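Participant: Mind looking over this structure? Questions follow.
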Amino acid sequence: MDNILTLFKPIRHFIFDIDGVLTDGTLLISAEGNLLRSMNIKDGYALQLAVKKGYRVSIISGAKGEEIGKRLRGLGITEILLGIEDKMQTFVDLVQRNHSEMSQILYMGDDMPDLMVMQQVSLPCCPSDACHQIKIISKYISTAEGGKGCVRDVIEKVLTLNGHWN
């Protein structure tokens, strides 16, 4: 584990998927037809702390819904890209727009739409319940499942190694 921790220290830009990473992938459908998701409050704490400490946090997801954006904006995240069909092109645009260095990017995804992007970053990560193909290319597999603290796991590692977790 000590060797893998060296990959976390240079991270300055976190990029996360939503369904299966920030949520457990379960969709509840209300009587009105609204799709409901749950997010882990501990992941939320880590996300807002990363933003406060000056880290860039971005969301790239195929998920749609104003309620998702509202929750994430409430945590201080401003780069929330929802309803994305081509994650690779969106990622390229995001990196260029922010002048991000690949060596400083951690991307956490859980399923096939994340694969191509994860192959581009220095630290591809996934929750413990990600699909097999994503686990194979991940340099770090969290002990936590999607929606159950995997986001906090990776953020806490980066911030702790850089003296920002307090």
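Each chain in the structure tokens gets a letter, A, B, ..., in the order shown, and its residues are numbered from 1; ligands are numbered from 1 in order too.
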Please, which residues in segment 42-135 of chain A fall within 9 Å of segment 2-7 of chain A when counting only C-alpha atoms, and what is the closest atom pair and distance in Å to one decimal for each, ordered by chain then residue number, as a tab-separated table?
Facilitator:
```
residue	atom	partner	partner_atom	distance
A:Ser103	CA	A:Leu7	CA	9.0
A:Ser122	CA	A:Leu7	CA	7.8
A:Leu123	CA	A:Leu7	CA	6.7
```
Participant: Once you have the residues from the selection above, write them out as a PDB file, in the first residue's frame, restricted to C-alpha atoms.
Facilitator:
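See result_39.pdb below for the written result:
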```pdb
ATOM      1  CA  SER A 103      -0.027  13.589 -13.738  1.00  0.00           C
ATOM      2  CA  SER A 122      -2.271   9.121 -13.872  1.00  0.00           C
ATOM      3  CA  LEU A 123      -4.485   7.690 -11.139  1.00  0.00           C
TER       4      LEU A 123
END
```
Participant: Enumerate, as a ChimeraX atom specification, the complete set of residues in segment 43-113 of chain A that a backbone-based DSSP assignment places in strand (DSSP E or B).
Facilitator: /A:56-60,79-81,105-108
Participant: Could you save the residues just selected, with N, CA and C atoms, as a compact mmCIF listing (two decimals), in the first residue's frame?
Facilitator:
```txt
# COMPACT_ATOMS: atom_id res chain seq x y z
N ARG A 56 -9.22 21.05 -7.42
CA ARG A 56 -10.26 21.11 -8.44
C ARG A 56 -11.07 19.82 -8.35
N VAL A 57 -12.39 19.95 -8.31
CA VAL A 57 -13.27 18.79 -8.29
C VAL A 57 -14.26 18.95 -9.44
N SER A 58 -14.31 17.94 -10.30
CA SER A 58 -15.20 17.95 -11.46
C SER A 58 -16.04 16.69 -11.48
N ILE A 59 -17.20 16.81 -12.07
CA ILE A 59 -18.11 15.68 -12.25
C ILE A 59 -18.36 15.52 -13.74
N ILE A 60 -18.18 14.30 -14.23
CA ILE A 60 -18.55 13.97 -15.61
C ILE A 60 -19.45 12.75 -15.53
N GLU A 79 -17.94 22.64 -11.43
CA GLU A 79 -17.77 21.98 -12.73
C GLU A 79 -18.54 20.66 -12.71
N ILE A 80 -19.83 20.75 -13.04
CA ILE A 80 -20.73 19.60 -12.97
C ILE A 80 -21.28 19.38 -14.37
N LEU A 81 -20.79 18.36 -15.03
CA LEU A 81 -21.14 18.07 -16.42
C LEU A 81 -22.03 16.84 -16.43
N ILE A 105 -4.19 14.25 -12.14
CA ILE A 105 -5.62 13.93 -12.21
C ILE A 105 -5.92 12.54 -11.68
N LEU A 106 -6.90 12.48 -10.79
CA LEU A 106 -7.48 11.22 -10.32
C LEU A 106 -8.89 11.16 -10.90
N TYR A 107 -9.21 10.05 -11.56
CA TYR A 107 -10.57 9.85 -12.07
C TYR A 107 -11.10 8.59 -11.42
N MET A 108 -12.30 8.68 -10.86
CA MET A 108 -12.94 7.50 -10.29
C MET A 108 -14.21 7.18 -11.07
```
Participant: Would you mind listing what lies within 12 Å of Val121 of chain A as a list in words, with only C-alpha atoms counted and same-chain residues fewer than 6 positions away left out?
Facilitator: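 The contact residues come out as Leu7, Ile11, His13, Phe14, Ile15, Met88, Phe91, Val92, Val95, Ser100, Glu101, Met102, Ser103, Gln104, Ile105, Leu106, Tyr107, Met108, Gly109, Asp114, Leu115, Ile137, Ser138 and Lys139 of chain A.
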Participant: Under the rule that only C-alpha atoms are counted, which of A:Ala130, A:Ile77, A:Val117, A:Leu82 is the nearest residue to Gly147 of chain A?
Facilitator: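 Checking each candidate against Gly147 of chain A, we get A:Ala130 as the closest.
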Participant: Taking the chain letters and numbering used in this document, name the residues of segment 23-109 of chain A that DSSP puts in helix (DSSP H, G or I), as a PyMOL selection string.
Facilitator: chain A and resi 41-52+66-74+87-98+102-104
Participant: Taking 2 positions as the minimum chain separation for residues in the same chain, which residues sit within 8 Å of Leu22 of chain A when counting only C-alpha atoms? Answer as a PyMOL selection string.
Facilitator: chain A and resi 16-20+24+39-40+43+146-148+150-151
Participant: For the residues selected in the previous step, produce a file with N, CA and C atoms as a PDB file, in the first residue's frame.
Facilitator:
```
ATOM      1  N   PHE A  16     -15.030  12.734 -10.880  1.00  0.00           N
ATOM      2  CA  PHE A  16     -15.862  11.618 -10.450  1.00  0.00           C
ATOM      3  C   PHE A  16     -17.064  11.433 -11.367  1.00  0.00           C
ATOM      4  N   ASP A  17     -17.438  10.177 -11.533  1.00  0.00           N
ATOM      5  CA  ASP A  17     -18.714   9.787 -12.119  1.00  0.00           C
ATOM      6  C   ASP A  17     -19.743   9.872 -10.982  1.00  0.00           C
ATOM      7  N   ILE A  18     -21.006   9.802 -11.323  1.00  0.00           N
ATOM      8  CA  ILE A  18     -22.037   9.847 -10.271  1.00  0.00           C
ATOM      9  C   ILE A  18     -22.574   8.448  -9.961  1.00  0.00           C
ATOM     10  N   ASP A  19     -23.350   7.873 -10.882  1.00  0.00           N
ATOM     11  CA  ASP A  19     -23.998   6.587 -10.598  1.00  0.00           C
ATOM     12  C   ASP A  19     -22.967   5.469 -10.500  1.00  0.00           C
ATOM     13  N   GLY A  20     -22.942   4.827  -9.343  1.00  0.00           N
ATOM     14  CA  GLY A  20     -21.990   3.757  -9.090  1.00  0.00           C
ATOM     15  C   GLY A  20     -20.727   4.232  -8.404  1.00  0.00           C
ATOM     16  N   ASP A  24     -24.802   4.420  -5.033  1.00  0.00           N
ATOM     17  CA  ASP A  24     -24.598   2.967  -5.132  1.00  0.00           C
ATOM     18  C   ASP A  24     -25.155   2.400  -6.433  1.00  0.00           C
ATOM     19  N   MET A  39     -26.827   9.755  -1.786  1.00  0.00           N
ATOM     20  CA  MET A  39     -25.392  10.006  -1.738  1.00  0.00           C
ATOM     21  C   MET A  39     -24.942   9.937  -0.289  1.00  0.00           C
ATOM     22  N   ASN A  40     -23.702   9.529  -0.096  1.00  0.00           N
ATOM     23  CA  ASN A  40     -23.138   9.355   1.232  1.00  0.00           C
ATOM     24  C   ASN A  40     -22.680  10.696   1.797  1.00  0.00           C
ATOM     25  N   ASP A  43     -18.893  11.159   1.894  1.00  0.00           N
ATOM     26  CA  ASP A  43     -18.338  11.579   0.606  1.00  0.00           C
ATOM     27  C   ASP A  43     -18.535  13.080   0.429  1.00  0.00           C
ATOM     28  N   GLY A 146     -19.387   1.813  -4.302  1.00  0.00           N
ATOM     29  CA  GLY A 146     -19.955   3.053  -4.801  1.00  0.00           C
ATOM     30  C   GLY A 146     -21.063   3.551  -3.892  1.00  0.00           C
ATOM     31  N   GLY A 147     -21.055   4.854  -3.605  1.00  0.00           N
ATOM     32  CA  GLY A 147     -22.074   5.444  -2.743  1.00  0.00           C
ATOM     33  C   GLY A 147     -21.909   5.128  -1.275  1.00  0.00           C
ATOM     34  N   LYS A 148     -20.823   4.457  -0.919  1.00  0.00           N
ATOM     35  CA  LYS A 148     -20.631   4.038   0.476  1.00  0.00           C
ATOM     36  C   LYS A 148     -19.258   4.445   1.011  1.00  0.00           C
ATOM     37  N   CYS A 150     -16.407   5.483  -1.061  1.00  0.00           N
ATOM     38  CA  CYS A 150     -15.235   5.337  -1.934  1.00  0.00           C
ATOM     39  C   CYS A 150     -14.649   6.691  -2.331  1.00  0.00           C
ATOM     40  N   VAL A 151     -15.500   7.707  -2.473  1.00  0.00           N
ATOM     41  CA  VAL A 151     -15.028   9.045  -2.823  1.00  0.00           C
ATOM     42  C   VAL A 151     -14.233   9.631  -1.657  1.00  0.00           C
TER      43      VAL A 151
END
```
